[in-house]
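Student: Sharing model.cif, mmCIF, C-alpha atoms:
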```cif
data_run
loop_
_atom_site.label_atom_id
_atom_site.label_comp_id
_atom_site.auth_asym_id
_atom_site.auth_seq_id
_atom_site.Cartn_x
_atom_site.Cartn_y
_atom_site.Cartn_z
CA MET A 1 21.66 -2.39 36.00
CA PRO A 2 20.75 -0.55 32.79
CA SER A 3 19.01 2.78 33.19
CA VAL A 4 15.43 3.44 32.22
CA ARG A 5 16.60 5.43 29.24
CA ASP A 6 18.81 2.57 27.95
CA LEU A 7 15.93 0.16 28.25
CA ARG A 8 13.55 2.52 26.49
CA ASP A 9 16.00 2.84 23.59
CA ARG A 10 16.41 -0.91 23.41
CA ILE A 11 12.65 -1.42 23.30
CA ARG A 12 12.30 1.15 20.55
CA SER A 13 14.89 -0.59 18.39
CA LEU A 14 13.29 -3.98 19.07
CA LYS A 15 9.96 -2.57 17.93
CA ASN A 16 11.56 -1.40 14.69
CA THR A 17 13.04 -4.84 14.12
CA GLN A 18 9.68 -6.40 14.81
CA GLN A 19 8.05 -4.15 12.25
CA ILE A 20 10.58 -5.13 9.62
CA THR A 21 10.26 -8.86 10.28
CA LYS A 22 6.50 -8.56 10.24
CA ALA A 23 6.62 -6.79 6.88
CA MET A 24 8.97 -9.44 5.48
CA LYS A 25 6.65 -12.12 6.72
CA GLN A 26 3.76 -10.58 4.87
CA VAL A 27 5.82 -10.20 1.70
CA ALA A 28 6.90 -13.84 1.94
CA ALA A 29 3.31 -14.91 2.40
CA ALA A 30 2.29 -13.04 -0.75
CA LYS A 31 5.22 -14.37 -2.77
CA ILE A 32 4.69 -17.93 -1.70
CA ARG A 33 1.15 -17.77 -3.02
CA ARG A 34 2.48 -16.65 -6.38
CA ALA A 35 5.27 -19.23 -6.44
CA ASP A 36 2.82 -21.93 -5.46
CA ALA A 37 0.38 -20.92 -8.20
CA LEU A 38 3.17 -21.04 -10.76
CA GLN A 39 4.13 -24.49 -9.57
CA LYS A 40 0.54 -25.69 -9.75
CA ARG A 41 0.20 -24.36 -13.28
CA SER A 42 3.24 -26.35 -14.39
CA ARG A 43 1.89 -29.62 -13.04
CA PRO A 44 -0.27 -30.59 -16.06
CA TYR A 45 2.80 -30.24 -18.27
CA ALA A 46 4.80 -32.42 -15.89
CA ASP A 47 2.12 -35.12 -15.94
CA ALA A 48 1.76 -35.01 -19.71
CA ILE A 49 5.45 -35.14 -20.53
CA GLY A 50 6.00 -37.92 -18.00
CA ALA A 51 3.18 -39.95 -19.53
CA MET A 52 4.54 -39.43 -23.05
CA LEU A 53 8.00 -40.51 -21.98
CA ARG A 54 6.66 -43.67 -20.34
CA ASP A 55 4.61 -44.56 -23.40
CA LEU A 56 7.58 -43.99 -25.62
CA ILE A 57 10.03 -46.04 -23.60
CA ALA A 58 7.51 -48.84 -23.33
CA ASN A 59 7.08 -48.82 -27.10
CA VAL A 60 10.65 -48.39 -28.15
CA GLY A 61 11.96 -51.18 -25.96
CA SER A 62 15.71 -50.80 -25.90
CA VAL A 63 16.59 -47.15 -25.96
CA ASP A 64 19.59 -45.79 -27.70
CA HIS A 65 20.03 -42.23 -26.53
CA PRO A 66 23.06 -40.67 -24.82
CA PHE A 67 20.85 -39.53 -21.90
CA MET A 68 19.95 -43.10 -21.05
CA LYS A 69 23.44 -44.56 -21.13
CA PRO A 70 25.99 -44.19 -18.36
CA GLY A 71 28.46 -41.43 -19.05
CA ARG A 72 32.24 -41.63 -19.34
CA GLU A 73 33.60 -43.30 -16.25
CA ASP A 74 36.69 -41.22 -15.63
CA ALA A 75 34.85 -37.90 -15.92
CA PRO A 76 33.78 -36.10 -12.74
CA GLY A 77 30.18 -36.39 -11.55
CA GLY A 78 28.19 -33.23 -12.13
CA VAL A 79 26.20 -31.76 -9.27
CA ILE A 80 23.72 -28.90 -9.46
CA LEU A 81 23.29 -27.11 -6.14
CA MET A 82 20.10 -25.08 -6.06
CA THR A 83 19.61 -22.46 -3.39
CA ALA A 84 17.83 -19.15 -3.09
CA ASP A 85 19.32 -15.84 -4.16
CA LYS A 86 18.76 -14.26 -0.79
CA GLY A 87 19.04 -15.21 2.84
CA LEU A 88 16.93 -14.37 5.88
CA ALA A 89 15.17 -17.68 5.66
CA GLY A 90 16.50 -19.49 8.68
CA SER A 91 18.68 -22.47 7.92
CA PHE A 92 17.17 -22.95 4.45
CA ASN A 93 20.29 -22.22 2.39
CA ALA A 94 22.66 -23.65 5.00
CA ASN A 95 20.80 -26.97 5.00
CA LEU A 96 21.08 -27.26 1.23
CA ILE A 97 24.75 -26.39 1.28
CA ARG A 98 25.35 -28.96 4.02
CA ALA A 99 23.53 -31.63 2.02
CA ALA A 100 25.77 -30.82 -0.94
CA GLU A 101 28.86 -30.98 1.27
CA LEU A 102 27.85 -34.40 2.55
CA HIS A 103 27.37 -35.57 -1.00
CA GLY A 104 30.77 -34.13 -1.87
CA ARG A 105 32.42 -36.02 0.95
CA SER A 106 31.33 -39.42 -0.31
CA ASN A 107 32.18 -38.60 -3.92
CA ALA A 108 35.61 -37.22 -4.56
CA ASN A 109 35.59 -36.26 -8.19
CA LEU A 110 32.81 -33.72 -8.74
CA ALA A 111 32.04 -30.78 -10.99
CA TRP A 112 29.60 -28.21 -9.65
CA TYR A 113 26.92 -26.05 -11.18
CA ALA A 114 25.47 -23.27 -9.07
CA VAL A 115 21.88 -22.10 -9.24
CA GLY A 116 21.09 -19.22 -6.90
CA ILE A 117 23.43 -16.57 -5.54
CA LYS A 118 23.86 -18.29 -2.17
CA SER A 119 24.88 -21.50 -3.88
CA ARG A 120 27.49 -19.68 -5.96
CA ASN A 121 28.93 -17.94 -2.91
CA ALA A 122 29.13 -21.14 -0.91
CA LEU A 123 30.77 -23.11 -3.71
CA ARG A 124 33.19 -20.31 -4.40
CA ARG A 125 34.23 -20.21 -0.76
CA GLN A 126 34.61 -23.94 -0.51
CA ARG A 127 36.41 -24.67 -3.70
CA GLY A 128 38.00 -21.37 -4.54
CA GLU A 129 36.90 -21.47 -8.15
CA THR A 130 34.43 -19.34 -10.00
CA LEU A 131 31.83 -21.37 -11.75
CA GLN A 132 29.17 -20.54 -14.19
CA PHE A 133 26.04 -19.85 -12.27
CA TRP A 134 22.41 -19.06 -12.92
CA PRO A 135 20.35 -16.83 -10.68
CA LEU A 136 17.22 -18.43 -9.34
CA ALA A 137 14.66 -15.67 -9.43
CA GLN A 138 16.16 -13.02 -11.67
CA GLY A 139 15.14 -12.73 -15.28
CA VAL A 140 12.83 -15.33 -16.76
CA MET A 141 13.13 -18.52 -14.78
CA PHE A 142 12.21 -20.75 -17.69
CA ASP A 143 14.94 -19.20 -19.83
CA ASN A 144 17.47 -19.80 -17.07
CA ALA A 145 16.34 -23.40 -16.81
CA GLN A 146 16.69 -23.87 -20.56
CA GLU A 147 20.18 -22.45 -20.54
CA LEU A 148 21.20 -24.64 -17.62
CA ALA A 149 19.72 -27.71 -19.31
CA ARG A 150 21.61 -26.95 -22.51
CA ARG A 151 24.85 -26.59 -20.61
CA VAL A 152 24.57 -29.77 -18.57
CA SER A 153 23.37 -31.87 -21.49
CA ASP A 154 26.29 -30.64 -23.60
CA ASP A 155 28.69 -31.48 -20.79
CA PHE A 156 27.11 -34.89 -20.35
CA THR A 157 26.99 -35.92 -23.99
CA GLN A 158 30.52 -34.68 -24.59
CA GLY A 159 31.85 -36.65 -21.65
CA ARG A 160 32.83 -33.72 -19.43
CA ILE A 161 30.66 -35.13 -16.66
CA ALA A 162 29.85 -38.76 -15.98
CA SER A 163 26.45 -38.20 -14.40
CA LEU A 164 24.26 -35.45 -13.06
CA THR A 165 22.90 -35.10 -9.55
CA LEU A 166 20.59 -32.40 -8.29
CA VAL A 167 20.63 -31.02 -4.76
CA SER A 168 17.48 -28.97 -4.22
CA PRO A 169 14.85 -28.47 -1.54
CA LYS A 170 11.67 -30.46 -1.46
CA LEU A 171 8.65 -28.58 -0.23
CA VAL A 172 7.07 -31.13 2.07
CA ASN A 173 4.57 -28.62 3.35
CA MET A 174 4.56 -24.97 4.26
CA MET A 175 6.42 -25.65 7.50
CA THR A 176 8.93 -28.18 6.25
CA GLN A 177 11.44 -28.08 3.44
CA ARG A 178 13.94 -30.84 3.15
CA PRO A 179 17.08 -30.91 0.99
CA GLU A 180 16.88 -33.69 -1.51
CA VAL A 181 19.70 -35.29 -3.49
CA ARG A 182 18.49 -37.08 -6.59
CA PRO A 183 20.10 -38.41 -9.74
CA ILE A 184 19.04 -36.71 -12.99
CA LEU A 185 21.29 -38.18 -15.65
CA PRO A 186 21.54 -40.79 -16.97
CA ILE A 187 17.77 -41.14 -16.99
CA ALA A 188 16.95 -44.54 -15.60
CA PRO A 189 14.46 -46.50 -17.66
CA SER A 190 11.78 -46.55 -15.00
CA GLY A 191 10.64 -49.92 -13.77
CA ASP A 192 6.99 -48.95 -14.06
CA ALA A 193 7.34 -48.56 -17.78
CA ALA A 194 4.17 -50.55 -18.29
CA ALA A 195 2.49 -48.59 -21.05
CA ASP A 196 -0.94 -47.12 -20.86
CA PRO A 197 -3.03 -50.06 -22.03
CA ARG A 198 -4.94 -47.77 -24.37
CA SER A 199 -1.83 -46.92 -26.33
CA GLY A 200 -1.24 -50.46 -27.54
CA SER A 201 0.43 -49.80 -30.86
CA VAL A 202 1.39 -46.20 -31.20
CA GLU A 203 2.47 -44.68 -34.47
CA PHE A 204 5.43 -42.38 -34.29
CA GLU A 205 6.29 -39.67 -36.72
CA PRO A 206 8.95 -39.65 -38.04
CA SER A 207 10.32 -42.42 -35.77
CA PRO A 208 10.27 -43.36 -32.08
CA GLU A 209 14.00 -42.65 -31.83
CA PHE A 210 13.57 -39.20 -33.29
CA VAL A 211 10.69 -38.28 -31.00
CA LEU A 212 12.58 -39.62 -28.01
CA GLY A 213 15.62 -37.62 -29.04
CA ARG A 214 13.46 -34.52 -28.89
CA LEU A 215 11.53 -35.48 -25.80
CA LEU A 216 14.44 -36.32 -23.49
CA PRO A 217 16.12 -32.88 -23.63
CA LYS A 218 12.72 -31.28 -23.04
CA TYR A 219 12.17 -33.58 -20.11
CA LEU A 220 15.52 -32.59 -18.62
CA GLU A 221 14.74 -28.92 -19.21
CA PHE A 222 11.41 -29.24 -17.54
CA THR A 223 12.75 -31.27 -14.61
CA LEU A 224 15.22 -28.48 -13.89
CA TYR A 225 12.57 -25.81 -14.35
CA SER A 226 10.20 -27.45 -11.92
CA ALA A 227 13.04 -27.94 -9.41
CA MET A 228 13.71 -24.22 -9.66
CA LEU A 229 10.05 -23.46 -9.07
CA GLU A 230 10.08 -25.71 -6.04
CA THR A 231 13.26 -24.08 -4.71
CA ASN A 232 11.65 -20.69 -5.04
CA ALA A 233 8.45 -21.75 -3.31
CA SER A 234 10.42 -23.52 -0.56
CA PHE A 235 12.53 -20.43 -0.01
CA TYR A 236 9.51 -18.25 0.62
CA ALA A 237 7.99 -20.89 2.86
CA ALA A 238 11.21 -21.00 4.89
CA GLN A 239 11.34 -17.25 5.00
CA LEU A 240 7.77 -17.07 6.18
CA VAL A 241 8.54 -19.41 9.07
CA ALA A 242 11.81 -17.63 9.90
CA MET A 243 10.20 -14.21 9.91
CA ASN A 244 7.29 -15.47 11.94
CA ASN A 245 9.73 -16.76 14.57
CA ALA A 246 11.69 -13.53 14.44
CA THR A 247 8.54 -11.51 15.04
CA ASP A 248 7.60 -13.74 17.97
CA ASN A 249 11.09 -13.46 19.43
CA ALA A 250 11.04 -9.71 19.09
CA LYS A 251 7.74 -9.63 20.93
CA LYS A 252 9.14 -11.76 23.73
CA LEU A 253 12.19 -9.52 24.06
CA ILE A 254 10.02 -6.42 24.08
CA ASP A 255 7.92 -7.89 26.88
CA GLU A 256 10.98 -8.85 28.92
CA ASN A 257 12.56 -5.47 28.46
CA THR A 258 9.35 -3.69 29.36
CA VAL A 259 9.18 -5.57 32.64
CA GLU A 260 12.82 -4.69 33.24
CA MET A 261 12.17 -1.06 32.44
CA ASN A 262 9.21 -0.87 34.80
CA LYS A 263 11.30 -2.42 37.55
CA ALA A 264 14.10 0.06 36.93
CA ARG A 265 11.67 2.95 36.95
CA GLN A 266 10.09 1.70 40.17
CA ALA A 267 13.52 1.30 41.76
CA ALA A 268 14.43 4.85 40.79
CA ILE A 269 11.22 6.21 42.32
CA THR A 270 11.71 4.20 45.48
CA LYS A 271 15.25 5.48 45.74
CA GLU A 272 14.07 9.06 45.35
CA ILE A 273 11.39 8.67 48.04
CA LEU A 274 13.93 7.13 50.39
CA GLU A 275 16.22 10.03 49.77
CA ILE A 276 13.46 12.56 50.46
CA VAL A 277 12.34 10.74 53.58
CA GLY A 278 15.92 10.40 54.74
CA GLY A 279 16.50 14.10 54.14
CA ALA A 280 13.31 15.12 55.93
CA GLU A 281 14.19 12.94 58.89
CA ALA A 282 17.66 14.44 59.07
CA LEU A 283 16.13 17.91 59.14
CA ALA A 284 13.54 16.96 61.76
CA GLY A 285 16.18 15.15 63.87
CA MET B 286 -23.82 -32.65 -33.21
CA ALA B 287 -20.42 -33.32 -34.55
CA ASN B 288 -18.13 -35.78 -32.96
CA THR B 289 -15.58 -34.30 -30.53
CA ILE B 290 -12.55 -35.39 -28.53
CA PRO B 291 -11.03 -33.95 -25.35
CA PHE B 292 -8.15 -31.69 -26.33
CA GLN B 293 -5.50 -30.11 -24.12
CA LEU B 294 -2.89 -27.57 -25.09
CA ILE B 295 -0.31 -27.34 -22.32
CA THR B 296 2.74 -25.14 -21.84
CA PRO B 297 5.04 -25.17 -18.80
CA LEU B 298 3.51 -21.88 -17.72
CA SER B 299 -0.16 -22.65 -18.16
CA VAL B 300 -2.86 -24.81 -19.67
CA LYS B 301 -3.81 -22.83 -22.78
CA PHE B 302 -6.82 -24.86 -23.75
CA ASP B 303 -8.71 -27.67 -22.12
CA GLY B 304 -11.94 -28.73 -23.73
CA GLU B 305 -13.56 -30.50 -26.63
CA ALA B 306 -12.26 -30.31 -30.19
CA GLU B 307 -13.66 -31.50 -33.53
CA LEU B 308 -10.37 -31.15 -35.32
CA VAL B 309 -6.81 -30.33 -34.33
CA ILE B 310 -4.20 -29.42 -36.94
CA VAL B 311 -0.55 -29.18 -35.89
CA VAL B 312 2.70 -28.71 -37.74
CA GLY B 313 4.69 -31.89 -37.26
CA THR B 314 8.31 -32.30 -38.21
CA GLU B 315 7.10 -34.15 -41.31
CA GLY B 316 4.37 -31.69 -42.23
CA GLU B 317 0.92 -30.71 -41.08
CA VAL B 318 -1.14 -33.34 -39.32
CA GLY B 319 -4.86 -33.18 -38.73
CA ILE B 320 -6.39 -35.17 -35.90
CA LEU B 321 -10.05 -36.10 -35.87
CA PRO B 322 -11.80 -37.97 -33.08
CA SER B 323 -10.91 -41.68 -32.86
CA HIS B 324 -7.56 -41.25 -34.52
CA ALA B 325 -5.15 -44.14 -34.06
CA PRO B 326 -2.60 -43.71 -31.23
CA PHE B 327 -0.05 -41.30 -32.55
CA LEU B 328 2.91 -39.38 -31.17
CA THR B 329 4.90 -36.82 -33.09
CA ALA B 330 7.37 -34.02 -32.53
CA LEU B 331 6.22 -30.56 -33.61
CA ARG B 332 7.98 -27.84 -35.50
CA PRO B 333 7.24 -24.26 -34.54
CA GLY B 334 4.16 -23.23 -36.47
CA VAL B 335 0.50 -22.36 -36.34
CA LEU B 336 -1.78 -24.70 -34.44
CA ARG B 337 -5.34 -24.66 -35.70
CA ALA B 338 -8.25 -26.32 -34.02
CA ASN B 339 -12.01 -26.37 -34.28
CA VAL B 340 -13.10 -26.46 -30.69
CA ARG B 341 -16.17 -25.96 -28.57
CA ASP B 342 -16.09 -23.11 -26.13
CA ALA B 343 -17.46 -23.43 -22.61
CA GLY B 344 -21.02 -22.96 -23.87
CA GLY B 345 -20.65 -25.64 -26.54
CA ALA B 346 -20.58 -23.22 -29.45
CA PRO B 347 -18.05 -23.97 -32.21
CA LYS B 348 -14.94 -21.82 -32.15
CA ARG B 349 -11.82 -21.56 -34.28
CA LEU B 350 -8.57 -21.59 -32.37
CA GLU B 351 -5.31 -20.34 -33.89
CA LEU B 352 -2.13 -20.14 -31.87
CA ALA B 353 1.52 -19.69 -32.67
CA CYS B 354 3.32 -22.62 -31.08
CA SER B 355 7.02 -23.16 -30.56
CA GLU B 356 8.58 -26.63 -30.61
CA GLY B 357 6.69 -29.34 -28.87
CA PHE B 358 4.94 -32.67 -29.10
CA MET B 359 1.53 -34.00 -29.89
CA GLN B 360 0.09 -37.20 -28.56
CA ALA B 361 -3.18 -38.58 -29.83
CA LEU B 362 -4.71 -41.35 -27.77
CA PRO B 363 -8.10 -42.90 -28.45
CA GLY B 364 -9.64 -40.80 -25.68
CA LYS B 365 -7.73 -37.54 -25.92
CA VAL B 366 -5.35 -35.29 -27.80
CA THR B 367 -2.54 -33.56 -25.93
CA VAL B 368 -0.26 -30.90 -27.36
CA LEU B 369 2.80 -29.83 -25.39
CA ALA B 370 4.64 -26.70 -26.46
CA ASP B 371 7.18 -24.40 -24.85
CA MET B 372 5.03 -21.46 -25.84
CA ALA B 373 1.60 -21.05 -27.37
CA LEU B 374 0.51 -17.52 -28.15
CA GLU B 375 -2.93 -16.25 -29.02
CA PRO B 376 -3.29 -13.34 -31.45
CA ASP B 377 -3.72 -10.77 -28.70
CA GLU B 378 -0.55 -11.98 -26.94
CA ILE B 379 1.64 -11.25 -29.94
CA ASP B 380 3.62 -8.07 -30.27
CA ILE B 381 3.84 -7.60 -34.04
CA ALA B 382 6.83 -5.25 -33.97
CA GLN B 383 8.66 -7.66 -31.69
CA ALA B 384 7.78 -10.60 -33.92
CA ARG B 385 9.12 -8.73 -36.97
CA ALA B 386 12.34 -7.98 -35.10
CA ASP B 387 12.55 -11.64 -34.03
CA LEU B 388 12.14 -12.74 -37.62
CA GLU B 389 14.93 -10.47 -38.81
CA ALA B 390 17.23 -11.57 -35.97
CA ALA B 391 16.48 -15.22 -36.75
CA GLN B 392 17.16 -14.73 -40.46
CA GLU B 393 20.40 -13.02 -39.58
CA ALA B 394 21.33 -15.93 -37.29
CA LEU B 395 20.51 -18.34 -40.11
CA ARG B 396 22.88 -16.51 -42.46
CA ALA B 397 25.56 -16.37 -39.79
CA ALA B 398 25.16 -20.06 -38.94
CA GLY B 399 27.13 -21.05 -42.01
CA GLY B 400 27.38 -24.80 -42.28
CA GLU B 401 26.97 -25.69 -38.64
CA LEU B 402 24.05 -28.05 -38.43
CA ALA B 403 22.89 -27.37 -34.86
CA ALA B 404 23.04 -23.61 -35.36
CA VAL B 405 21.12 -23.83 -38.65
CA ARG B 406 18.45 -25.95 -36.97
CA ALA B 407 18.08 -23.55 -34.07
CA ALA B 408 17.89 -20.55 -36.38
CA MET B 409 15.34 -22.23 -38.62
CA ALA B 410 13.16 -23.03 -35.63
CA GLN B 411 13.27 -19.36 -34.68
CA VAL B 412 12.39 -18.27 -38.19
CA ASP B 413 9.44 -20.67 -38.16
CA PHE B 414 8.23 -19.43 -34.78
CA ALA B 415 8.51 -15.77 -35.81
CA ASN B 416 6.61 -16.51 -39.04
CA ALA B 417 3.95 -18.37 -37.08
CA LYS B 418 3.53 -15.40 -34.74
CA LEU B 419 3.11 -13.05 -37.66
CA ALA B 420 0.65 -15.39 -39.34
CA VAL B 421 -1.45 -15.71 -36.21
CA ALA B 422 -1.40 -11.96 -35.70
CA GLY B 423 -2.77 -11.58 -39.20
CA VAL B 424 0.31 -10.05 -40.80
CA THR B 425 2.12 -11.64 -43.69
#
```
Could you show the structure in this file as structure tokens?

Tutor:
Amino acid sequence: MPSVRDLRDRIRSLKNTQQITKAMKQVAAAKIRRADALQKRSRPYADAIGAMLRDLIANVGSVDHPFMKPGREDAPGGVILMTADKGLAGSFNANLIRAAELHGRSNANLAWYAVGIKSRNALRRQRGETLQFWPLAQGVMFDNAQELARRVSDDFTQGRIASLTLVSPKLVNMMTQRPEVRPILPIAPSGDAAADPRSGSVEFEPSPEFVLGRLLPKYLEFTLYSAMLETNASFYAAQLVAMNNATDNAKKLIDENTVEMNKARQAAITKEILEIVGGAEALAG
Amino acid sequence: MANTIPFQLITPLSVKFDGEAELVIVVGTEGEVGILPSHAPFLTALRPGVLRANVRDAGGAPKRLELACSEGFMQALPGKVTVLADMALEPDEIDIAQARADLEAAQEALRAAGGELAAVRAAMAQVDFANAKLAVAGVT
């Protein structure tokens, strides 16, 4: 049975841990508000560019752009794995990496792009190769997204990858983030391409093909940017939950150990009294 | 009261303007385009340049809007005008010294680009954007 002193030390260290997890929880709560605001501010752009793209495709009819045609068949399929840069967020990163692994198991020939330090580390461990990677939350996120978009679109149009898939978390709500695997390239001409009835005959300048040629890379860029925003927000949400649980667990352990310590102290006192009584009786006897 | 149309200027980072406009002038790839209310449906790609608009502020008073925009798109529908740009900077958001440095770097890149078409295009876009920033900031 541990001594009172051991237990007191253990409780002290648990209290320190609890303080740290509580602080991290508060930081995560503040950061998630910021990440969420950033995501909300990007939504009008998402809506507008999506609407433009739909109008365009509806007007152009058959589309002749490399992004909308299947890539070279013998090339590997490109996969972007997006994770956070840091851990301490429960199974957040592990879930994403597992989703990517599952995807890798059903598709043999793949080329990977890593976004986020955890993603790079996992891919490096698994495949033993160093890939180009982009940090998630260091530097300007939009610049990172642009660079990533440039790289993958070059690889796609030049036939180095046959398609592009994105593995990233979906922020269902603050408590739930789910890894999501979705195809990015080639862009499927969406079935709901019914044009806005108001835009019956749209004039394009200089030509629909030219505008589409400009719009599609932007669309890709923005899709990746908003996925990065969502990854960031999901990470903080996961961290908030993880740190909340950690704080609760620390509290439970502190309570258990306190009970233990009180018992130990009581036992020590009882033992002492018994000894005194025993001694007194021996003297009297 | 003059005729107005809902006008939105949107970047990935924020909605720069959302209100009523009498006139919106953008720099399209084929030259400047002015949009008045009830313009025919129209969609164009934008070159980096100065966006000018006569708008109404929140109180309904006329206001002149000038922003340096990077590449983007403009869509005019019967009921609204939408401009999408990577960046749209108001005069007080522009660092003149930085813009001058950007212009020089872009001109240097243009010289270095040689005959490579994509590089020339990228450099020219940067030159245009730097010039637009300087113009909006009131420096020539």

Student: Please report as a PyMOL selection string which residues of chain B come no farther than 12 Å from chain A, using all atoms listed in the file.

Tutor: chain B and resi 293-303+312-318+324-332+356-372

Student: Keeping only C-alpha atoms, take the residues you just selected and write them out as a compact mmCIF listing (two decimals), in the frame of the given file.

Tutor:
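Contents of the output file selection.txt:
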```txt
# COMPACT_ATOMS: atom_id res chain seq x y z
CA GLN B 293 -5.50 -30.11 -24.12
CA LEU B 294 -2.89 -27.57 -25.09
CA ILE B 295 -0.31 -27.34 -22.32
CA THR B 296 2.74 -25.14 -21.84
CA PRO B 297 5.04 -25.17 -18.80
CA LEU B 298 3.51 -21.88 -17.72
CA SER B 299 -0.16 -22.65 -18.16
CA VAL B 300 -2.86 -24.81 -19.67
CA LYS B 301 -3.81 -22.83 -22.78
CA PHE B 302 -6.82 -24.86 -23.75
CA ASP B 303 -8.71 -27.67 -22.12
CA VAL B 312 2.70 -28.71 -37.74
CA GLY B 313 4.69 -31.89 -37.26
CA THR B 314 8.31 -32.30 -38.21
CA GLU B 315 7.10 -34.15 -41.31
CA GLY B 316 4.37 -31.69 -42.23
CA GLU B 317 0.92 -30.71 -41.08
CA VAL B 318 -1.14 -33.34 -39.32
CA HIS B 324 -7.56 -41.25 -34.52
CA ALA B 325 -5.15 -44.14 -34.06
CA PRO B 326 -2.60 -43.71 -31.23
CA PHE B 327 -0.05 -41.30 -32.55
CA LEU B 328 2.91 -39.38 -31.17
CA THR B 329 4.90 -36.82 -33.09
CA ALA B 330 7.37 -34.02 -32.53
CA LEU B 331 6.22 -30.56 -33.61
CA ARG B 332 7.98 -27.84 -35.50
CA GLU B 356 8.58 -26.63 -30.61
CA GLY B 357 6.69 -29.34 -28.87
CA PHE B 358 4.94 -32.67 -29.10
CA MET B 359 1.53 -34.00 -29.89
CA GLN B 360 0.09 -37.20 -28.56
CA ALA B 361 -3.18 -38.58 -29.83
CA LEU B 362 -4.71 -41.35 -27.77
CA PRO B 363 -8.10 -42.90 -28.45
CA GLY B 364 -9.64 -40.80 -25.68
CA LYS B 365 -7.73 -37.54 -25.92
CA VAL B 366 -5.35 -35.29 -27.80
CA THR B 367 -2.54 -33.56 -25.93
CA VAL B 368 -0.26 -30.90 -27.36
CA LEU B 369 2.80 -29.83 -25.39
CA ALA B 370 4.64 -26.70 -26.46
CA ASP B 371 7.18 -24.40 -24.85
CA MET B 372 5.03 -21.46 -25.84
```

Student: I'd like the residues picked by the PyMOL selection byres ((chain A and resi 4) around 10) written out as a list of chain:residue names, using the chain letters and numbers from the file.

Tutor: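 Here the PyMOL selection byres ((chain A and resi 4) around 10) matches A:Met1, A:Pro2, A:Ser3, A:Arg5, A:Asp6, A:Leu7, A:Arg8, A:Asp9, A:Arg10, A:Thr258, A:Glu260, A:Met261, A:Asn262, A:Lys263, A:Ala264, A:Arg265, A:Gln266, A:Ala267, A:Ala268.
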
Student: By how many Å are CA of Thr176 in chain A and CA of Arg120 in chain A apart?

Tutor: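 CA of Arg120 in chain A lies 23.8 Å from CA of Thr176 in chain A.
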
Student: Tell me which residues the PyMOL selection byres ((chain B and resi 384) around 12) grabs here, as a ChimeraX atom specification.

Tutor: /B:353,374,376,378-383,385-391,411-425

Student: Have a look at CA of Arg182 in chain A and CA of Ser153 in chain A and let me know their distance in Å, one decimal.

Tutor: 16.5 Å

Student: Could you list the residues chosen by the PyMOL selection byres ((chain B and resi 340) around 9) in this structure as a list in words?

Tutor: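 Applied to this file, the PyMOL selection byres ((chain B and resi 340) around 9) selects Thr289, Phe292, Gly304, Glu305, Ala306, Glu307, Leu308, Val309, Ala338, Asn339, Arg341, Asp342, Gly345, Ala346, Pro347, Lys348, Arg349 and Leu350 of chain B.
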
Student: Could those residues be written to a file, using C-alpha atoms, as a PDB file, in the coordinates of the input?

Tutor:
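Saved to result.pdb:
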```
ATOM      1  CA  THR B 289     -15.580 -34.300 -30.530  1.00  0.00           C
ATOM      2  CA  PHE B 292      -8.150 -31.690 -26.330  1.00  0.00           C
ATOM      3  CA  GLY B 304     -11.940 -28.730 -23.730  1.00  0.00           C
ATOM      4  CA  GLU B 305     -13.560 -30.500 -26.630  1.00  0.00           C
ATOM      5  CA  ALA B 306     -12.260 -30.310 -30.190  1.00  0.00           C
ATOM      6  CA  GLU B 307     -13.660 -31.500 -33.530  1.00  0.00           C
ATOM      7  CA  LEU B 308     -10.370 -31.150 -35.320  1.00  0.00           C
ATOM      8  CA  VAL B 309      -6.810 -30.330 -34.330  1.00  0.00           C
ATOM      9  CA  ALA B 338      -8.250 -26.320 -34.020  1.00  0.00           C
ATOM     10  CA  ASN B 339     -12.010 -26.370 -34.280  1.00  0.00           C
ATOM     11  CA  ARG B 341     -16.170 -25.960 -28.570  1.00  0.00           C
ATOM     12  CA  ASP B 342     -16.090 -23.110 -26.130  1.00  0.00           C
ATOM     13  CA  GLY B 345     -20.650 -25.640 -26.540  1.00  0.00           C
ATOM     14  CA  ALA B 346     -20.580 -23.220 -29.450  1.00  0.00           C
ATOM     15  CA  PRO B 347     -18.050 -23.970 -32.210  1.00  0.00           C
ATOM     16  CA  LYS B 348     -14.940 -21.820 -32.150  1.00  0.00           C
ATOM     17  CA  ARG B 349     -11.820 -21.560 -34.280  1.00  0.00           C
ATOM     18  CA  LEU B 350      -8.570 -21.590 -32.370  1.00  0.00           C
TER      19      LEU B 350
END
```

Student: Please report the interatomic distance between CA of Pro66 in chain A and CA of Ala403 in chain B in Å with one decimal.

Tutor: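 Atom-to-atom, CA of Pro66 in chain A to CA of Ala403 in chain B, that is 16.7 Å.
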
Student: When you look at range 227-238 of chain A with a cut-off of 6 Å (counting all atoms listed in the file), what residues show up, excluding the ones that are within fewer than 4 positions of it in the same chain? I need them as a PyMOL selection string.

Tutor: chain A and resi 28+32+35+89+169+171+174

Student: Export, as a compact mmCIF listing (two decimals), in the frame of the given file, the selected residues with C-alpha atoms.

Tutor:
```txt
# COMPACT_ATOMS: atom_id res chain seq x y z
CA ALA A 28 6.90 -13.84 1.94
CA ILE A 32 4.69 -17.93 -1.70
CA ALA A 35 5.27 -19.23 -6.44
CA ALA A 89 15.17 -17.68 5.66
CA PRO A 169 14.85 -28.47 -1.54
CA LEU A 171 8.65 -28.58 -0.23
CA MET A 174 4.56 -24.97 4.26
```
